[in-house]
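Below: coords-v8.pdb (PDB, C-alpha atoms)
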```pdb
MODEL        1
ATOM      1  CA  MET I 954     -15.060 -13.605  -3.340
ATOM      2  CA  PRO I 955     -16.929 -13.057  -6.684
ATOM      3  CA  GLY I 956     -16.484  -9.646  -8.236
ATOM      4  CA  SER I 957     -13.657  -8.839  -5.882
ATOM      5  CA  SER I 958     -10.306  -7.668  -7.134
ATOM      6  CA  GLY I 959      -8.392 -10.063  -4.936
ATOM      7  CA  ILE I 960      -6.460  -7.055  -3.682
ATOM      8  CA  PRO I 961      -7.124  -6.339  -0.011
ATOM      9  CA  GLY I 962      -7.942  -2.681   0.296
ATOM     10  CA  GLY I 963      -8.456  -2.541  -3.442
ATOM     11  CA  VAL I 964     -11.553  -1.801  -5.438
ATOM     12  CA  GLY I 965     -14.013  -4.442  -6.528
ATOM     13  CA  TYR I 966     -17.779  -4.429  -6.829
ATOM     14  CA  GLY I 967     -19.784  -2.397  -9.324
ATOM     15  CA  LEU I 968     -16.842  -1.121 -11.317
ATOM     16  CA  SER I 969     -16.461  -0.770 -15.035
ATOM     17  CA  HIS I 970     -14.768  -3.421 -17.143
ATOM     18  CA  GLU I 971     -11.743  -1.113 -17.575
ATOM     19  CA  ALA I 972     -11.350  -0.627 -13.812
ATOM     20  CA  ARG I 973     -11.589  -4.375 -13.147
ATOM     21  CA  ASN I 974      -9.052  -5.006 -15.932
ATOM     22  CA  LEU I 975      -6.554  -2.594 -14.333
ATOM     23  CA  GLN I 976      -7.053  -4.337 -11.003
ATOM     24  CA  TRP I 977      -6.327  -7.665 -12.657
ATOM     25  CA  LEU I 978      -3.159  -6.240 -14.250
ATOM     26  CA  LEU I 979      -2.007  -4.874 -10.875
ATOM     27  CA  THR I 980      -2.728  -8.197  -9.179
ATOM     28  CA  ASP I 981      -0.699  -9.910 -11.904
ATOM     29  CA  VAL I 982       2.344  -7.757 -11.069
ATOM     30  CA  VAL I 983       2.043  -8.604  -7.376
ATOM     31  CA  GLU I 984       1.441 -12.328  -7.857
ATOM     32  CA  GLU I 985       3.779 -13.022 -10.772
ATOM     33  CA  VAL I 986       6.893 -11.145  -9.694
ATOM     34  CA  PRO I 987       8.833 -12.688  -6.801
ATOM     35  CA  GLY I 988       9.908 -10.134  -4.224
ATOM     36  CA  VAL I 989       7.234  -7.503  -4.895
ATOM     37  CA  ARG I 990       6.141  -6.079  -1.560
ATOM     38  CA  SER I 991       3.636  -3.442  -2.622
ATOM     39  CA  VAL I 992       2.396  -1.604  -5.687
ATOM     40  CA  ALA I 993       0.621   1.731  -6.136
ATOM     41  CA  VAL I 994      -0.777   3.601  -9.111
ATOM     42  CA  VAL I 995      -0.855   7.340  -8.489
ATOM     43  CA  SER I 996      -2.569   9.982 -10.624
ATOM     44  CA  SER I 997      -0.606  12.879 -12.086
ATOM     45  CA  ASP I 998      -1.915  15.055  -9.232
ATOM     46  CA  GLY I 999      -0.652  12.610  -6.592
ATOM     47  CA  LEU I1000      -3.854  10.773  -5.692
ATOM     48  CA  LEU I1001      -3.861   7.032  -5.060
ATOM     49  CA  LEU I1002      -5.816   5.199  -7.785
ATOM     50  CA  LEU I1003      -4.958   1.514  -7.280
ATOM     51  CA  SER I1004      -2.850  -0.337  -4.768
ATOM     52  CA  SER I1005      -1.891  -3.604  -3.227
ATOM     53  CA  ASP I1006      -1.858  -3.998   0.523
ATOM     54  CA  PRO I1007       1.705  -4.517   1.760
ATOM     55  CA  GLY I1008       0.436  -6.233   4.903
ATOM     56  CA  GLN I1009      -1.453  -9.028   3.147
ATOM     57  CA  ARG I1010      -0.898 -11.409   0.261
ATOM     58  CA  PRO I1011      -2.985 -10.537  -2.804
ATOM     59  CA  ASP I1012      -4.787 -13.880  -2.458
ATOM     60  CA  GLY I1013      -5.733 -13.081   1.158
ATOM     61  CA  GLY I1014      -3.314 -15.755   2.412
ATOM     62  CA  GLY I1015      -1.916 -13.785   5.319
ATOM     63  CA  PRO I1016       0.915 -11.366   5.984
ATOM     64  CA  VAL I1017       3.888 -10.931   3.706
ATOM     65  CA  ASP I1018       7.371  -9.819   4.605
ATOM     66  CA  GLY I1019       7.220  -6.120   3.921
ATOM     67  CA  PRO I1020       6.962  -2.660   5.408
ATOM     68  CA  ARG I1021       4.395  -1.932   8.056
ATOM     69  CA  HIS I1022       3.243   1.168   6.231
ATOM     70  CA  SER I1023       0.194   1.436   4.020
ATOM     71  CA  THR I1024       0.175   1.685   0.260
ATOM     72  CA  ALA I1025      -1.037   5.242   0.835
ATOM     73  CA  ASP I1026       2.487   5.897   2.149
ATOM     74  CA  LEU I1027       3.938   4.276  -0.965
ATOM     75  CA  ALA I1028       1.662   6.445  -3.105
ATOM     76  CA  THR I1029       2.894   9.576  -1.337
ATOM     77  CA  ILE I1030       6.525   8.568  -1.875
ATOM     78  CA  VAL I1031       5.886   7.705  -5.541
ATOM     79  CA  ALA I1032       4.142  11.038  -6.154
ATOM     80  CA  GLY I1033       6.955  12.973  -4.474
ATOM     81  CA  LEU I1034       9.678  11.084  -6.282
ATOM     82  CA  GLY I1035       7.842  11.556  -9.576
ATOM     83  CA  SER I1036       7.616  15.289  -9.001
ATOM     84  CA  LEU I1037      11.277  15.528  -7.983
ATOM     85  CA  THR I1038      12.558  13.590 -10.997
ATOM     86  CA  THR I1039      10.322  15.540 -13.390
ATOM     87  CA  GLY I1040      11.736  18.781 -12.005
ATOM     88  CA  ALA I1041      15.283  17.479 -12.271
ATOM     89  CA  ALA I1042      14.735  16.359 -15.867
ATOM     90  CA  SER I1043      13.340  19.766 -16.721
ATOM     91  CA  LEU I1044      16.321  21.571 -15.203
ATOM     92  CA  MET I1045      18.699  19.280 -17.076
ATOM     93  CA  ASP I1046      16.783  19.501 -20.371
ATOM     94  CA  GLY I1047      16.519  15.712 -20.186
ATOM     95  CA  GLY I1048      13.022  15.301 -21.599
ATOM     96  CA  PRO I1049      10.265  13.314 -19.925
ATOM     97  CA  VAL I1050      11.208  10.872 -17.161
ATOM     98  CA  LYS I1051      10.472   7.286 -18.157
ATOM     99  CA  GLN I1052      11.509   5.451 -15.014
ATOM    100  CA  THR I1053      13.270   5.900 -11.704
ATOM    101  CA  MET I1054      14.916   3.281  -9.525
ATOM    102  CA  VAL I1055      16.032   3.688  -5.936
ATOM    103  CA  ALA I1056      18.235   0.909  -4.567
ATOM    104  CA  MET I1057      18.254   0.584  -0.787
ATOM    105  CA  GLU I1058      19.940  -1.913   1.483
ATOM    106  CA  GLU I1059      16.626  -3.578   2.357
ATOM    107  CA  GLY I1060      14.804  -3.252  -0.967
ATOM    108  CA  SER I1061      14.213  -1.218  -4.071
ATOM    109  CA  LEU I1062      11.655   1.258  -5.333
ATOM    110  CA  PHE I1063      10.805   1.429  -9.014
ATOM    111  CA  VAL I1064       8.689   4.222 -10.487
ATOM    112  CA  MET I1065       7.527   4.216 -14.087
ATOM    113  CA  THR I1066       5.535   6.898 -15.873
ATOM    114  CA  ILE I1067       2.212   5.958 -17.426
ATOM    115  CA  SER I1068       1.325   7.822 -20.616
ATOM    116  CA  ASP I1069      -1.234  10.140 -18.974
ATOM    117  CA  GLY I1070       1.239  11.356 -16.342
ATOM    118  CA  SER I1071       0.150   8.852 -13.737
ATOM    119  CA  LEU I1072       2.841   6.777 -12.050
ATOM    120  CA  LEU I1073       3.295   3.117 -11.246
ATOM    121  CA  GLY I1074       5.366   2.495  -8.123
ATOM    122  CA  VAL I1075       6.667  -0.910  -7.040
ATOM    123  CA  HIS I1076       8.452  -1.607  -3.742
ATOM    124  CA  THR I1077      10.484  -4.832  -3.776
ATOM    125  CA  ALA I1078      12.635  -7.022  -1.589
ATOM    126  CA  PRO I1079      16.415  -6.588  -1.964
ATOM    127  CA  ASP I1080      16.875  -9.893  -3.801
ATOM    128  CA  CYS I1081      14.293  -9.335  -6.542
ATOM    129  CA  ASP I1082      15.256  -9.639 -10.194
ATOM    130  CA  MET I1083      15.200  -6.032 -11.425
ATOM    131  CA  SER I1084      14.771  -7.051 -15.054
ATOM    132  CA  VAL I1085      11.651  -9.083 -14.224
ATOM    133  CA  VAL I1086      10.213  -6.180 -12.213
ATOM    134  CA  ALA I1087      10.917  -3.726 -15.049
ATOM    135  CA  TYR I1088       9.405  -6.096 -17.618
ATOM    136  CA  HIS I1089       6.142  -6.524 -15.678
ATOM    137  CA  MET I1090       5.960  -2.811 -14.975
ATOM    138  CA  ALA I1091       6.391  -2.054 -18.689
ATOM    139  CA  LEU I1092       3.602  -4.524 -19.493
ATOM    140  CA  PHE I1093       1.303  -2.808 -16.985
ATOM    141  CA  VAL I1094       2.179   0.665 -18.284
ATOM    142  CA  GLY I1095       1.690  -0.409 -21.900
ATOM    143  CA  ARG I1096      -1.714  -1.902 -21.174
ATOM    144  CA  ALA I1097      -2.913   0.749 -18.730
ATOM    145  CA  GLY I1098      -1.768   3.851 -20.555
ATOM    146  CA  HIS I1099      -4.454   3.897 -23.216
ATOM    147  CA  VAL I1100      -7.378   3.140 -20.865
ATOM    148  CA  LEU I1101      -6.515   5.431 -17.952
ATOM    149  CA  THR I1102      -8.898   8.197 -19.017
ATOM    150  CA  PRO I1103     -10.030  11.052 -16.766
ATOM    151  CA  GLU I1104     -13.328   9.201 -16.232
ATOM    152  CA  LEU I1105     -11.554   5.994 -15.203
ATOM    153  CA  ARG I1106      -9.183   7.887 -12.894
ATOM    154  CA  ARG I1107     -12.225   9.498 -11.228
ATOM    155  CA  GLU I1108     -13.911   6.078 -10.847
ATOM    156  CA  LEU I1109     -10.771   4.529  -9.332
ATOM    157  CA  ARG I1110     -10.231   7.457  -6.969
ATOM    158  CA  GLN I1111     -13.835   7.271  -5.748
ATOM    159  CA  SER I1112     -13.510   3.538  -5.153
ATOM    160  CA  VAL I1113     -10.309   4.032  -3.108
ATOM    161  CA  GLU I1114     -12.032   6.701  -1.002
ATOM    162  CA  ALA I1115     -15.062   4.426  -0.465
ATOM    163  CA  VAL I1116     -12.834   1.683   1.010
ATOM    164  CA  ARG I1117     -11.327   4.007   3.611
TER
ENDMDL
END
```

Would you give me this structure, written as structure tokens?
Amino acid sequence: MPGSSGIPGGVGYGLSHEARNLQWLLTDVVEEVPGVRSVAVVSSDGLLLLSSDPGQRPDGGGPVDGPRHSTADLATIVAGLGSLTTGAASLMDGGPVKQTMVAMEEGSLFVMTISDGSLLGVHTAPDCDMSVVAYHMALFVGRAGHVLTPELRRELRQSVEAVR
């Protein structure tokens, strides 16, 4: 579909070049990293900005093996985990949190801080290569950090709300 992000439930038409570029970067994480189930970008105040749909392949090719919950649930978990780890780091005089990883029997959750305080969360299958996930997340964070301005966050948030 022309102008579409390729991300079901994602943003697409009528967006700025920067917003479409972030969508492309997010799609790249989902498509290029084996075992990625879902991805969410959450603002520093906990609002969902970008996401993949865990129930569909990014190319629209049907269901994937993943949780039955929405990326809004992932965004909520990422925001809560980000807040918890920031508080813990503050209490321990540990400085800013760079990344968090939760290993579970049936998968993993990776959370990485973006320079503006936003968070990138990635839910993976248990057999994913953690170093590949971390590498692609770092690429996304490095590329997204300088363009995720307050104006762009507002545009992304409005586009997520329009889809619902």

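We find atom CA of Asp981 of chain I and atom CA of Thr1024 of chain I to be spaced 16.8 Å apart.
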
Residue contacts of segment 1105-1111 of chain I (9 Å, all atoms listed in the file) excluding same-chain residues fewer than 4 positions away, as a ChimeraX atom specification: /I:964,968-969,971-972,996,1000-1003,1100-1101,1115-1116

Segment 1066-1071 of chain I environment, 6 Å, only C-alpha atoms, sequence neighbours closer than 5 positions dropped, as a list of chain:residue names: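 Neighbouring residues, sequence-local ones excluded: I:Val995, I:Ser996, I:Ser997, I:Lys1051, I:Val1094, I:Gly1098.
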
Could you check which of I:Thr1102, I:Ser1043, I:Ser1005, I:Ser1036 is closest to Ala993 of chain I, using all atoms listed in the file?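 Closest to Ala993 of chain I of all the choices is I:Ser1005.
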
Given the file above and the PyMOL selection byres ((chain I and resi 1077-1085) around 8), which residues are selected, and can you give them as a count of residues only? 19

Figure out the distance between atom CA of Leu1072 of chain I and atom CA of Val994 of chain I, please, to one decimal in Å. 5.6 Å

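Comparing the minimum interatomic distances between Phe1063 of chain I and each of I:Gly1040, I:Gly1035, I:Gly999, I:Gly1047, counting only C-alpha atoms, we find that I:Gly1035 sits nearest.
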
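Separating atom CA of Leu1034 of chain I from atom CA of Ala1056 of chain I is a distance of 13.4 Å.
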
Test item: residues at most 8 Å from Met1090 of chain I, all atoms listed in the file, excluding those fewer than 5 positions along its chain, as number ranges by chain: I: 982, 1065, 1073

Edge lengths and centre in Å, axis-aligned, segment 969-973 of chain I plus 8 Å each side, as JSON:
```
{"center_x": -13.9, "center_y": -2.5, "center_z": -15.4, "size_x": 21.1, "size_y": 19.7, "size_z": 20.4}
```

With only C-alpha atoms as the basis for distance, which of I:Glu985, I:Asn974, I:Gly1074, I:Gly1095 is at the shortest distance from Ser1004 of chain I? I:Gly1074

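Taking all atoms listed in the file into account, Gly1033 of chain I lies nearest to I:Asp998 out of the set I:Asp1046, I:Gln976, I:Asp998, I:Val1113.
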
Which residue gives the smallest distance to Leu1027 of chain I among I:Leu1092, I:Val983, I:Leu978, I:Val1064, with all atoms listed in the file counted?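 Answer, going by the shortest atom-to-atom distance: I:Val1064.
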